[in-house]
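Chemist: Below is the structure I would like to discuss, written out as structure tokens.
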Amino acid sequence: MPTCCGADAYAKLFDEKNAKKDLRRYLKSGLDATGRRIVDAIINRGVVGTTVLEVGGGIGAIQVELLRAGALRATNVEIVDTYESAAGHLLATVGLAERVDRKVLDFAESGPEIAGADVVVLHRVICCYPDMEALVRAATTHAGRLLALSFPPDRWWWRIGARLATAWFQIRGCGFRIYTHDPRRILAAAASAGFRPVLEHRGLTWQVAVLERSAS
């Protein structure tokens, strides 16, 4: 774990209270537009019979949607355990607890501890991690066929917002930071591992890229 943003900083921001809010929101309204775009793109490329690995999936809403669409199993990796209770409640509610494994560790440093999957998802995760290259490299290593990413687009209001948010976190005594990694570098890191885009969408607040491993 890079020392500039330790696990305690993540736990302070992404706490049990936020997990419960996410759970209530999903049970009431389903996925938001960005999450739905990712799920639909994966389904369109073929999800039946696949395995899914999501990094920083929170309560696991995307995994639930993909399992309902025909995926066999899913694994979720979190850097802290604050979402585990809410995620467990969701899985019990939808009857999918036996098809999801949840692990708590730093994915970028996990190595062989985490098995690969046909589909790997990093939804709103890259902007929370300082070492983008290590995170994307780990994701491409684990992705057998599809890699789905969402991250902040290169827009001026994101850059200003990230600076203001970081200053606010510091005032509150929270070491968490938001990272506005260059989208071109993110996509280049995936391309260098043999992934080509099959869907790209640059929205006002989030950029989505779904990439497929090129045939060797």
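Lettering and numbering for the structure tokens are positional, with chains as A, B, ... in the shown order, residues counted from 1 in each chain, and ligands counted from 1 in the shown order.
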Could you find all residues in segment 6-208 of chain A that DSSP calls strand (DSSP E) from the backbone, and write them as a PyMOL selection string?
Modeler: chain A and resi 51-55+73-78+100-104+117-123+143-151+195-202+207-208
Chemist: Using C-alpha atoms, can you export the residues from the last selection as an mmCIF file, in the first residue's frame?
Modeler:
data_model
loop_
_atom_site.group_PDB
_atom_site.id
_atom_site.type_symbol
_atom_site.label_atom_id
_atom_site.label_comp_id
_atom_site.auth_asym_id
_atom_site.auth_seq_id
_atom_site.Cartn_x
_atom_site.Cartn_y
_atom_site.Cartn_z
ATOM 1 C CA THR A 51 -16.401 -15.401 -13.777
ATOM 2 C CA VAL A 52 -16.228 -11.825 -12.510
ATOM 3 C CA LEU A 53 -13.644 -10.054 -10.356
ATOM 4 C CA GLU A 54 -14.473 -6.577 -9.096
ATOM 5 C CA VAL A 55 -11.998 -4.379 -7.261
ATOM 6 C CA ARG A 73 -19.360 -16.609 -9.840
ATOM 7 C CA ALA A 74 -17.951 -13.309 -8.629
ATOM 8 C CA THR A 75 -15.126 -12.194 -6.371
ATOM 9 C CA ASN A 76 -14.981 -8.783 -4.721
ATOM 10 C CA VAL A 77 -11.764 -7.285 -3.350
ATOM 11 C CA GLU A 78 -11.839 -4.379 -0.888
ATOM 12 C CA VAL A 100 -19.722 -14.482 -4.310
ATOM 13 C CA ASP A 101 -16.362 -14.520 -2.532
ATOM 14 C CA ARG A 102 -15.322 -11.344 -0.736
ATOM 15 C CA LYS A 103 -11.720 -10.611 0.212
ATOM 16 C CA VAL A 104 -10.067 -7.709 2.031
ATOM 17 C CA ALA A 117 -11.463 -14.014 -13.901
ATOM 18 C CA ASP A 118 -12.993 -13.660 -17.334
ATOM 19 C CA VAL A 119 -14.194 -10.150 -16.495
ATOM 20 C CA VAL A 120 -12.439 -7.627 -14.239
ATOM 21 C CA VAL A 121 -14.204 -4.427 -13.150
ATOM 22 C CA LEU A 122 -12.683 -1.271 -11.631
ATOM 23 C CA HIS A 123 -15.593 1.136 -11.217
ATOM 24 C CA ALA A 143 -8.490 -10.248 -16.670
ATOM 25 C CA GLY A 144 -8.941 -13.161 -19.027
ATOM 26 C CA ARG A 145 -11.174 -11.449 -21.577
ATOM 27 C CA LEU A 146 -12.784 -8.152 -20.531
ATOM 28 C CA LEU A 147 -11.604 -5.193 -18.472
ATOM 29 C CA ALA A 148 -14.198 -2.569 -17.485
ATOM 30 C CA LEU A 149 -12.991 0.761 -16.103
ATOM 31 C CA SER A 150 -14.537 4.034 -15.007
ATOM 32 C CA PHE A 151 -12.532 7.070 -13.959
ATOM 33 C CA PHE A 195 -6.365 -4.797 -24.349
ATOM 34 C CA ARG A 196 -8.293 -2.872 -27.016
ATOM 35 C CA PRO A 197 -11.352 -0.683 -26.370
ATOM 36 C CA VAL A 198 -14.734 -2.051 -27.405
ATOM 37 C CA LEU A 199 -16.673 0.753 -25.709
ATOM 38 C CA GLU A 200 -15.603 4.257 -24.715
ATOM 39 C CA HIS A 201 -17.866 6.931 -23.269
ATOM 40 C CA ARG A 202 -16.661 10.290 -21.969
ATOM 41 C CA GLN A 207 -15.412 8.215 -18.364
ATOM 42 C CA VAL A 208 -16.143 4.564 -19.084
#
Chemist: Taking the chain letters and numbering used in this document, name the residues of segment 102-207 of chain A that DSSP puts in alpha helix (DSSP H), as a ChimeraX atom specification.
Modeler: /A:132-142,156-171,183-191
Chemist: Restricting it to C-alpha atoms, dump the selection as a CSV table (one decimal), in the first residue's frame.
Modeler:
chain,number,residue,atom,x,y,z
A,132,MET,CA,-2.5,3.9,-11.2
A,133,GLU,CA,0.0,1.9,-13.2
A,134,ALA,CA,0.3,-0.8,-10.6
A,135,LEU,CA,-3.5,-1.0,-10.2
A,136,VAL,CA,-4.1,-1.3,-13.9
A,137,ARG,CA,-1.3,-3.7,-14.4
A,138,ALA,CA,-2.7,-6.0,-11.7
A,139,ALA,CA,-6.2,-5.7,-13.3
A,140,THR,CA,-4.9,-6.7,-16.8
A,141,THR,CA,-2.9,-9.6,-15.3
A,142,HIS,CA,-6.1,-10.9,-13.7
A,156,TRP,CA,-11.2,21.2,-15.6
A,157,TRP,CA,-13.9,21.0,-13.0
A,158,TRP,CA,-12.7,17.5,-12.0
A,159,ARG,CA,-9.2,18.9,-11.4
A,160,ILE,CA,-10.4,21.8,-9.3
A,161,GLY,CA,-12.9,19.6,-7.5
A,162,ALA,CA,-10.2,17.1,-6.6
A,163,ARG,CA,-8.0,19.8,-5.1
A,164,LEU,CA,-10.8,21.2,-3.1
A,165,ALA,CA,-11.9,17.8,-1.9
A,166,THR,CA,-8.3,16.9,-0.8
A,167,ALA,CA,-8.0,20.2,1.1
A,168,TRP,CA,-11.3,19.4,2.8
A,169,PHE,CA,-10.2,15.9,3.7
A,170,GLN,CA,-7.0,17.4,5.2
A,171,ILE,CA,-9.0,19.9,7.3
A,183,PRO,CA,-7.2,9.0,-19.0
A,184,ARG,CA,-4.7,8.6,-21.9
A,185,ARG,CA,-2.2,7.0,-19.5
A,186,ILE,CA,-4.8,4.7,-18.1
A,187,LEU,CA,-5.9,3.5,-21.5
A,188,ALA,CA,-2.2,3.2,-22.6
A,189,ALA,CA,-1.5,1.0,-19.6
A,190,ALA,CA,-4.3,-1.3,-20.6
A,191,ALA,CA,-3.2,-1.3,-24.2
Chemist: Find, counting only C-alpha atoms, the residue in A:Arg213, A:Lys21, A:His181, A:Arg68 that gets nearest to Tyr83 of chain A.
Modeler: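 Closest residue, counting only C-alpha atoms: A:Lys21.
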Chemist: Report, in Å to a single decimal, how far apart atom CA of Val64 of chain A and atom CA of Tyr129 of chain A are.
Modeler: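 Atom CA of Val64 of chain A lies 24.3 Å from atom CA of Tyr129 of chain A.
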Chemist: With distances taken over only C-alpha atoms, which of A:Arg177, A:His89, A:Arg99, A:Arg124 is nearest to Gly35 of chain A?
Modeler: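 With only C-alpha atoms as the atom set, the closest residue is A:Arg124.
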